[in-house]
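Pasted below: target31.cif, mmCIF, C-alpha atoms.
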data_model
#
loop_
_atom_site.label_atom_id
_atom_site.label_comp_id
_atom_site.auth_asym_id
_atom_site.auth_seq_id
_atom_site.Cartn_x
_atom_site.Cartn_y
_atom_site.Cartn_z
CA MET A 1 52.39 75.20 54.60
CA THR A 2 49.75 77.34 52.91
CA ARG A 3 52.40 79.93 52.12
CA ALA A 4 54.60 77.31 50.44
CA ILE A 5 51.70 76.07 48.32
CA LEU A 6 50.80 79.62 47.30
CA THR A 7 54.41 80.33 46.37
CA THR A 8 54.60 77.16 44.27
CA VAL A 9 51.40 78.08 42.44
CA ALA A 10 52.69 81.59 41.80
CA VAL A 11 55.96 80.21 40.39
CA ALA A 12 54.06 77.82 38.11
CA LEU A 13 51.87 80.63 36.83
CA LEU A 14 54.84 82.89 36.22
CA CYS A 15 56.73 80.24 34.30
CA ALA A 16 53.69 79.50 32.18
CA ALA A 17 53.38 83.20 31.40
CA CYS A 18 57.03 83.35 30.40
CA GLY A 19 56.73 80.58 27.82
CA ASN A 20 57.09 81.50 24.15
CA SER A 21 53.63 82.12 22.85
CA PRO A 22 52.85 81.69 19.15
CA THR A 23 53.49 84.85 17.17
CA SER A 24 50.44 86.61 15.90
CA PRO A 25 49.80 86.69 12.13
CA THR A 26 51.69 89.43 10.36
CA THR A 27 49.87 92.33 8.81
CA PRO A 28 49.33 91.99 5.05
CA THR A 29 51.89 93.84 2.96
CA SER A 30 51.21 97.50 2.42
CA THR A 31 49.70 98.69 -0.82
CA ALA A 32 51.17 102.15 -0.36
CA ARG A 33 53.09 103.44 -3.36
CA GLY A 34 55.94 105.86 -3.67
CA THR A 35 56.74 108.43 -6.32
CA GLU A 36 60.11 109.01 -7.95
CA THR A 37 60.96 111.68 -10.48
CA PHE A 38 63.37 111.10 -13.32
CA SER A 39 64.59 114.32 -14.92
CA GLY A 40 67.40 114.77 -17.37
CA THR A 41 68.55 115.79 -20.80
CA LEU A 42 68.03 113.59 -23.83
CA ALA A 43 70.17 113.94 -26.92
CA VAL A 44 68.93 113.54 -30.47
CA ARG A 45 68.60 109.79 -31.13
CA GLY A 46 69.66 109.19 -27.53
CA THR A 47 68.33 107.05 -24.69
CA GLU A 48 68.39 107.67 -20.95
CA PHE A 49 67.27 105.32 -18.19
CA PHE A 50 66.56 105.33 -14.47
CA SER A 51 66.51 102.37 -12.06
CA PHE A 52 64.14 101.92 -9.14
CA SER A 53 63.22 99.21 -6.64
CA VAL A 54 59.73 97.75 -6.34
CA VAL A 55 59.26 96.42 -2.80
CA ASN A 56 55.76 94.93 -3.09
CA ALA A 57 53.81 93.43 -5.96
CA GLY A 58 51.43 95.93 -7.52
CA THR A 59 50.89 98.40 -10.29
CA THR A 60 53.59 100.75 -11.52
CA ASP A 61 52.52 103.87 -13.41
CA ILE A 62 54.88 105.84 -15.62
CA THR A 63 54.13 109.31 -16.93
CA LEU A 64 56.17 111.44 -19.32
CA LEU A 65 55.15 114.75 -17.81
CA SER A 66 57.09 117.29 -19.81
CA LEU A 67 59.46 117.85 -22.66
CA ARG A 68 61.23 121.14 -23.32
CA PRO A 69 64.11 122.20 -25.55
CA ALA A 70 67.33 122.10 -23.52
CA GLY A 71 68.65 125.51 -22.51
CA ALA A 72 65.80 127.45 -24.02
CA ALA A 73 62.82 129.10 -22.40
CA THR A 74 60.55 128.06 -25.22
CA PRO A 75 57.15 126.40 -24.99
CA ALA A 76 56.83 122.76 -24.09
CA LEU A 77 57.17 120.22 -26.88
CA ALA A 78 54.56 117.64 -27.81
CA SER A 79 56.92 115.32 -29.66
CA GLU A 80 56.25 111.62 -29.60
CA MET A 81 58.90 109.77 -27.60
CA GLY A 82 59.74 106.18 -26.78
CA LEU A 83 58.91 105.25 -23.18
CA GLY A 84 59.54 101.82 -21.70
CA LEU A 85 59.89 99.68 -18.60
CA GLY A 86 62.41 96.89 -18.19
CA THR A 87 65.31 95.50 -16.21
CA PRO A 88 68.78 97.06 -15.92
CA ALA A 89 71.09 94.95 -18.05
CA GLY A 90 74.59 95.71 -19.25
CA ILE A 91 74.98 99.42 -19.84
CA GLY A 92 71.30 99.97 -20.53
CA CYS A 93 67.73 99.05 -19.74
CA ALA A 94 66.38 95.86 -21.34
CA LEU A 95 62.77 96.79 -22.07
CA SER A 96 59.92 94.35 -21.52
CA ASN A 97 57.15 96.88 -22.08
CA ALA A 98 57.44 99.87 -24.40
CA THR A 99 55.24 102.38 -26.12
CA ARG A 100 55.34 105.74 -27.92
CA VAL A 101 53.90 108.65 -26.01
CA ARG A 102 53.48 112.40 -25.94
CA PRO A 103 53.85 114.38 -22.69
CA ALA A 104 50.68 114.28 -20.57
CA LEU A 105 49.52 114.40 -16.96
CA ALA A 106 47.96 110.93 -16.96
CA ALA A 107 50.07 107.78 -16.88
CA GLN A 108 50.90 106.50 -20.35
CA LEU A 109 52.37 103.20 -19.18
CA SER A 110 50.84 101.09 -16.40
CA THR A 111 51.88 97.56 -15.63
CA THR A 112 51.94 94.99 -12.86
CA THR A 113 55.36 94.68 -11.25
CA ALA A 114 56.87 92.20 -8.80
CA PRO A 115 59.40 93.03 -6.07
CA THR A 116 62.73 93.55 -7.84
CA ILE A 117 64.69 96.28 -9.60
CA TYR A 118 63.26 97.84 -12.74
CA CYS A 119 64.26 100.65 -15.05
CA VAL A 120 62.38 103.24 -17.04
CA ALA A 121 63.87 104.40 -20.33
CA ILE A 122 63.09 107.35 -22.57
CA SER A 123 64.39 107.53 -26.11
CA ASP A 124 64.19 109.72 -29.16
CA VAL A 125 62.40 107.79 -31.90
CA GLY A 126 63.47 110.28 -34.56
CA ASN A 127 61.32 113.29 -33.75
CA LEU A 128 63.89 115.51 -32.04
CA SER A 129 65.92 118.18 -33.79
CA GLY A 130 67.81 119.20 -30.66
CA ASP A 131 68.50 118.12 -27.08
CA VAL A 132 65.50 118.20 -24.74
CA ASN A 133 64.94 118.31 -21.01
CA PHE A 134 62.40 115.78 -19.81
CA THR A 135 60.57 114.89 -16.60
CA ILE A 136 59.11 111.45 -15.93
CA ARG A 137 57.04 110.47 -12.90
CA ILE A 138 57.26 106.88 -11.64
CA VAL A 139 54.68 105.71 -9.10
CA HIS A 140 55.38 102.22 -7.81
CA PRO A 141 54.65 99.92 -4.86
CA MET B 142 63.02 81.68 56.74
CA ARG B 143 61.21 79.46 54.27
CA LEU B 144 59.48 82.47 52.71
CA PRO B 145 62.68 84.42 51.81
CA ILE B 146 64.10 81.27 50.18
CA SER B 147 60.93 80.87 48.14
CA LEU B 148 61.11 84.51 47.10
CA LEU B 149 64.74 84.06 46.08
CA GLY B 150 63.75 81.04 43.97
CA LEU B 151 60.94 83.04 42.46
CA ALA B 152 63.31 85.86 41.52
CA LEU B 153 65.76 83.43 39.94
CA LEU B 154 62.99 81.78 37.94
CA ILE B 155 61.71 85.11 36.68
CA SER B 156 65.17 86.19 35.62
CA SER B 157 65.76 82.89 33.81
CA CYS B 158 62.45 83.26 32.00
CA SER B 159 63.52 86.50 30.31
CA LYS B 160 64.48 86.29 26.65
CA SER B 161 68.15 85.68 26.11
CA PRO B 162 70.00 87.04 23.04
CA THR B 163 69.74 84.70 20.08
CA ALA B 164 72.93 83.09 18.91
CA PRO B 165 74.36 84.30 15.57
CA THR B 166 72.96 82.25 12.71
CA ILE B 167 75.28 80.58 10.23
CA ASP B 168 74.13 80.42 6.64
CA PRO B 169 74.14 76.68 5.83
CA ARG B 170 74.00 77.25 2.08
CA THR B 171 76.99 76.82 -0.17
CA PRO B 172 77.26 79.67 -2.68
CA ALA B 173 77.03 78.44 -6.26
CA PRO B 174 80.20 79.12 -8.25
CA PRO B 175 80.15 81.63 -11.11
CA ALA B 176 78.60 80.17 -14.25
CA VAL B 177 78.45 83.19 -16.54
CA ALA B 178 81.17 85.67 -17.44
CA GLU B 179 80.16 89.06 -18.79
CA SER B 180 82.57 91.56 -20.28
CA PHE B 181 82.28 95.19 -19.30
CA LYS B 182 84.45 97.50 -21.38
CA GLY B 183 84.28 101.25 -21.52
CA VAL B 184 85.94 104.57 -20.91
CA VAL B 185 85.88 106.26 -17.54
CA PRO B 186 86.36 110.04 -17.59
CA VAL B 187 88.44 111.91 -15.04
CA GLY B 188 86.39 112.01 -11.84
CA GLY B 189 83.67 109.92 -13.44
CA ALA B 190 82.20 106.45 -13.20
CA LYS B 191 80.59 103.82 -15.41
CA PHE B 192 78.40 100.91 -14.43
CA PHE B 193 77.10 97.66 -15.88
CA SER B 194 74.00 95.80 -14.66
CA PHE B 195 73.69 92.04 -14.40
CA SER B 196 71.28 89.50 -12.90
CA VAL B 197 72.20 86.81 -10.39
CA THR B 198 69.81 83.89 -10.91
CA GLN B 199 70.76 81.85 -7.85
CA TYR B 200 72.57 82.47 -4.56
CA GLY B 201 76.24 82.32 -5.37
CA THR B 202 79.63 83.92 -5.78
CA VAL B 203 80.20 87.03 -7.86
CA ASP B 204 83.77 87.77 -8.97
CA LEU B 205 84.85 91.12 -10.34
CA THR B 206 88.16 91.37 -12.17
CA LEU B 207 89.65 94.60 -13.45
CA ASN B 208 91.68 93.05 -16.27
CA ARG B 209 93.14 96.10 -17.91
CA VAL B 210 93.38 99.87 -17.70
CA ASP B 211 94.73 101.91 -20.60
CA GLU B 212 95.65 105.58 -20.71
CA ASP B 213 96.64 107.22 -23.97
CA GLY B 214 96.45 103.80 -25.60
CA SER B 215 99.01 102.20 -23.29
CA PRO B 216 98.60 99.93 -20.27
CA SER B 217 98.33 101.94 -17.09
CA ALA B 218 99.13 101.11 -13.47
CA ALA B 219 96.56 103.62 -12.26
CA MET B 220 94.19 102.37 -9.61
CA LEU B 221 90.48 102.57 -10.15
CA GLY B 222 87.63 102.06 -7.72
CA ILE B 223 85.59 98.98 -8.51
CA GLY B 224 82.40 98.02 -6.75
CA ILE B 225 79.29 95.88 -6.68
CA GLY B 226 75.89 97.27 -5.79
CA ARG B 227 72.35 97.86 -6.96
CA PRO B 228 71.22 100.03 -9.88
CA SER B 229 69.49 103.05 -8.36
CA GLY B 230 68.35 106.11 -10.24
CA THR B 231 70.96 106.96 -12.83
CA ARG B 232 73.84 105.32 -10.99
CA CYS B 233 75.10 102.17 -9.27
CA ALA B 234 74.71 102.36 -5.49
CA THR B 235 77.67 100.26 -4.40
CA SER B 236 77.68 98.20 -1.22
CA SER B 237 81.10 96.64 -1.72
CA VAL B 238 84.06 98.58 -3.13
CA MET B 239 87.82 98.46 -3.42
CA ASN B 240 90.56 100.44 -5.08
CA THR B 241 92.78 98.37 -7.32
CA ALA B 242 95.10 98.31 -10.28
CA ALA B 243 94.50 95.90 -13.14
CA GLY B 244 95.27 92.24 -12.43
CA THR B 245 94.52 88.71 -13.51
CA THR B 246 92.68 87.43 -10.44
CA PRO B 247 89.35 88.71 -9.09
CA GLN B 248 89.92 91.75 -6.92
CA LEU B 249 86.38 91.81 -5.54
CA THR B 250 84.41 88.70 -4.68
CA GLY B 251 81.51 87.71 -2.46
CA PRO B 252 78.26 85.78 -2.14
CA TYR B 253 75.12 87.43 -3.46
CA GLU B 254 71.41 86.59 -3.34
CA ILE B 255 69.19 86.33 -6.41
CA GLY B 256 68.63 89.79 -7.84
CA VAL B 257 69.73 92.59 -10.09
CA TYR B 258 73.16 94.06 -9.36
CA CYS B 259 75.63 96.41 -10.97
CA ALA B 260 79.40 96.58 -11.30
CA ASN B 261 80.85 100.06 -10.97
CA VAL B 262 84.17 101.43 -12.22
CA ALA B 263 85.24 104.86 -11.01
CA ASP B 264 88.19 107.21 -11.11
CA ILE B 265 89.53 107.69 -7.58
CA GLY B 266 91.78 110.61 -8.52
CA GLU B 267 94.64 108.83 -10.24
CA LEU B 268 93.61 109.54 -13.83
CA SER B 269 94.96 112.50 -15.76
CA GLY B 270 92.75 111.77 -18.74
CA PRO B 271 90.00 109.36 -19.82
CA ALA B 272 90.98 105.72 -19.31
CA SER B 273 89.64 102.68 -21.07
CA PHE B 274 89.02 99.65 -18.91
CA ASP B 275 88.20 95.98 -19.27
CA VAL B 276 86.30 94.26 -16.45
CA THR B 277 85.02 90.70 -16.23
CA ILE B 278 81.96 89.98 -14.11
CA ALA B 279 81.58 86.29 -13.29
CA HIS B 280 78.32 85.31 -11.57
CA PRO B 281 75.82 82.46 -11.13
#

Do you think you could lay out the structure here as structure tokens?
Amino acid sequence: MTRAILTTVAVALLCAACGNSPTSPTTPTSTARGTETFSGTLAVRGTEFFSFSVVNAGTTDITLLSLRPAGAATPALASEMGLGLGTPAGIGCALSNATRVRPALAAQLSTTTAPTIYCVAISDVGNLSGDVNFTIRIVHP
Amino acid sequence: MRLPISLLGLALLISSCSKSPTAPTIDPRTPAPPAVAESFKGVVPVGGAKFFSFSVTQYGTVDLTLNRVDEDGSPSAAMLGIGIGRPSGTRCATSSVMNTAAGTTPQLTGPYEIGVYCANVADIGELSGPASFDVTIAHP
């Protein structure tokens, strides 16, 4: 008799343990950011753009790191260029935030971004006399 | 004898308590029909590709129609690769593709969530020179 009672209690305890327990709260979204590099060649009066995905809300920093004449081992250029952030649209990048910058190591464009796809565009605003190779760093959440 | 039966019951209960695979979920939403038509015209080089970005503002159906392909200024029966994907880097990372000749009905269609997408047109090896194309992207 005692054995039967013990078995019944054990079964009850096991079933209770098997029940679906509430899930624990999820960890807050990560604030870690990733870095992407956009390098290419820009023609006189041209524009080039690069698309990237923001996965968490946060700050995106864009830096025009370098500018050099294409195909020439000459010193870096300090020309002022158009740099912008926007959304890919049609065959280009529809800018929502734009500025004119010279190459530097500190971010020239910083803005708050939500999780979606953005694009960074670089354009010649009339200062180039020949094609240039450029490097842009994009740090985003 | 009573004990083995109890143990058998216990084993059965434990096995029935384990998590069973969840049944496949069925999306109860009805995709909204296309409400906007955008025209994507351009020239695709031999071995090259062109893409066009667009935004879907509500869950719904996206239709891609390759209306026309011209080579040397004349209509061509050459097949091109068309696709829908996400803009990524300097290209369109397609998730849905098909090879097709020009036609009047959508060759590529499917439901898509809210977001930014791109339509891609690529030479799949049938072009002998640059070809102009005309694509319609219909989306919510």

Checklist entry - Ala173 of chain B: which residues within 8 Å, counting only C-alpha atoms, same-chain residues fewer than 2 positions away excluded, as a PyMOL selection string? => result chain B and resi 171+175+199-202+281

Next on the checklist: Please find the residues of chain B near chain A - the criterion being any atom within 6 Å, counting only C-alpha atoms - and write them as a PyMOL selection string.
Outcome noted: chain B and resi 158+193-195+228-231

Checklist entry - Leaving out Pro247 of chain B and any residue of its chain fewer than 2 positions from it, which residues lie within 9 Å of it when counting all atoms listed in the file, given as a list in words? => result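 Non-adjacent residues within range: Asp204, Leu205, Thr206, Leu207, Asn208, Gly244, Thr245, Leu249, Thr250 and Thr277 of chain B.
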
Item to check | From A:Leu64, A:Thr74, A:Thr59, A:Met81, residue lying nearest Leu128 of chain A [all atoms listed in the file] | outcome: A:Met81

Next on the checklist: For Glu267 of chain B, find every residue with an atom within 12 Å (counting only C-alpha atoms), except residues of its own chain fewer than 5 positions away, and show them as a VMD selection string.
Outcome noted: chain B and resid 185 to 189 210 212 217 to 222 240 to 242 272

Fix up segment 36-58 of chain A with N, CA and C atoms, then write it as a PDB file, in the coordinates of the input.
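Here's the written file part-v9.pdb:
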ATOM      1  N   GLU A  36      58.749 108.564  -7.637  1.00  0.00           N
ATOM      2  CA  GLU A  36      60.110 109.010  -7.950  1.00  0.00           C
ATOM      3  C   GLU A  36      60.047 109.836  -9.224  1.00  0.00           C
ATOM      4  N   THR A  37      60.917 110.814  -9.302  1.00  0.00           N
ATOM      5  CA  THR A  37      60.960 111.680 -10.480  1.00  0.00           C
ATOM      6  C   THR A  37      62.284 111.507 -11.206  1.00  0.00           C
ATOM      7  N   PHE A  38      62.185 111.286 -12.481  1.00  0.00           N
ATOM      8  CA  PHE A  38      63.370 111.100 -13.320  1.00  0.00           C
ATOM      9  C   PHE A  38      63.429 112.282 -14.282  1.00  0.00           C
ATOM     10  N   SER A  39      64.404 113.161 -14.062  1.00  0.00           N
ATOM     11  CA  SER A  39      64.590 114.320 -14.920  1.00  0.00           C
ATOM     12  C   SER A  39      65.971 114.275 -15.532  1.00  0.00           C
ATOM     13  N   GLY A  40      66.088 114.760 -16.741  1.00  0.00           N
ATOM     14  CA  GLY A  40      67.400 114.770 -17.370  1.00  0.00           C
ATOM     15  C   GLY A  40      67.344 115.408 -18.735  1.00  0.00           C
ATOM     16  N   THR A  41      68.449 115.249 -19.449  1.00  0.00           N
ATOM     17  CA  THR A  41      68.550 115.790 -20.800  1.00  0.00           C
ATOM     18  C   THR A  41      68.753 114.637 -21.775  1.00  0.00           C
ATOM     19  N   LEU A  42      67.963 114.652 -22.823  1.00  0.00           N
ATOM     20  CA  LEU A  42      68.030 113.590 -23.830  1.00  0.00           C
ATOM     21  C   LEU A  42      68.575 114.162 -25.125  1.00  0.00           C
ATOM     22  N   ALA A  43      69.568 113.496 -25.667  1.00  0.00           N
ATOM     23  CA  ALA A  43      70.170 113.940 -26.920  1.00  0.00           C
ATOM     24  C   ALA A  43      69.375 113.398 -28.108  1.00  0.00           C
ATOM     25  N   VAL A  44      69.558 114.030 -29.230  1.00  0.00           N
ATOM     26  CA  VAL A  44      68.930 113.540 -30.470  1.00  0.00           C
ATOM     27  C   VAL A  44      69.361 112.097 -30.693  1.00  0.00           C
ATOM     28  N   ARG A  45      68.381 111.238 -30.924  1.00  0.00           N
ATOM     29  CA  ARG A  45      68.600 109.790 -31.130  1.00  0.00           C
ATOM     30  C   ARG A  45      69.154 109.096 -29.887  1.00  0.00           C
ATOM     31  N   GLY A  46      69.092 109.767 -28.751  1.00  0.00           N
ATOM     32  CA  GLY A  46      69.660 109.190 -27.530  1.00  0.00           C
ATOM     33  C   GLY A  46      68.645 108.435 -26.689  1.00  0.00           C
ATOM     34  N   THR A  47      69.157 107.779 -25.671  1.00  0.00           N
ATOM     35  CA  THR A  47      68.330 107.050 -24.690  1.00  0.00           C
ATOM     36  C   THR A  47      68.885 107.327 -23.302  1.00  0.00           C
ATOM     37  N   GLU A  48      67.996 107.526 -22.350  1.00  0.00           N
ATOM     38  CA  GLU A  48      68.390 107.670 -20.950  1.00  0.00           C
ATOM     39  C   GLU A  48      67.517 106.727 -20.125  1.00  0.00           C
ATOM     40  N   PHE A  49      68.089 106.191 -19.036  1.00  0.00           N
ATOM     41  CA  PHE A  49      67.270 105.320 -18.190  1.00  0.00           C
ATOM     42  C   PHE A  49      67.520 105.574 -16.715  1.00  0.00           C
ATOM     43  N   PHE A  50      66.592 105.066 -15.907  1.00  0.00           N
ATOM     44  CA  PHE A  50      66.560 105.330 -14.470  1.00  0.00           C
ATOM     45  C   PHE A  50      66.103 104.058 -13.774  1.00  0.00           C
ATOM     46  N   SER A  51      66.846 103.618 -12.764  1.00  0.00           N
ATOM     47  CA  SER A  51      66.510 102.370 -12.060  1.00  0.00           C
ATOM     48  C   SER A  51      65.789 102.656 -10.748  1.00  0.00           C
ATOM     49  N   PHE A  52      64.870 101.770 -10.399  1.00  0.00           N
ATOM     50  CA  PHE A  52      64.140 101.920  -9.140  1.00  0.00           C
ATOM     51  C   PHE A  52      63.755 100.542  -8.607  1.00  0.00           C
ATOM     52  N   SER A  53      63.526 100.483  -7.304  1.00  0.00           N
ATOM     53  CA  SER A  53      63.220  99.210  -6.640  1.00  0.00           C
ATOM     54  C   SER A  53      61.740  99.116  -6.283  1.00  0.00           C
ATOM     55  N   VAL A  54      61.110  98.053  -6.727  1.00  0.00           N
ATOM     56  CA  VAL A  54      59.730  97.750  -6.340  1.00  0.00           C
ATOM     57  C   VAL A  54      59.806  96.830  -5.126  1.00  0.00           C
ATOM     58  N   VAL A  55      59.148  97.208  -4.035  1.00  0.00           N
ATOM     59  CA  VAL A  55      59.260  96.420  -2.800  1.00  0.00           C
ATOM     60  C   VAL A  55      58.066  95.510  -2.546  1.00  0.00           C
ATOM     61  N   ASN A  56      56.951  95.797  -3.202  1.00  0.00           N
ATOM     62  CA  ASN A  56      55.760  94.930  -3.090  1.00  0.00           C
ATOM     63  C   ASN A  56      55.171  94.744  -4.488  1.00  0.00           C
ATOM     64  N   ALA A  57      54.495  93.630  -4.679  1.00  0.00           N
ATOM     65  CA  ALA A  57      53.810  93.430  -5.960  1.00  0.00           C
ATOM     66  C   ALA A  57      52.706  94.460  -6.090  1.00  0.00           C
ATOM     67  N   GLY A  58      52.481  94.921  -7.313  1.00  0.00           N
ATOM     68  CA  GLY A  58      51.430  95.930  -7.520  1.00  0.00           C
ATOM     69  C   GLY A  58      51.572  96.583  -8.869  1.00  0.00           C
TER      70      GLY A  58
END
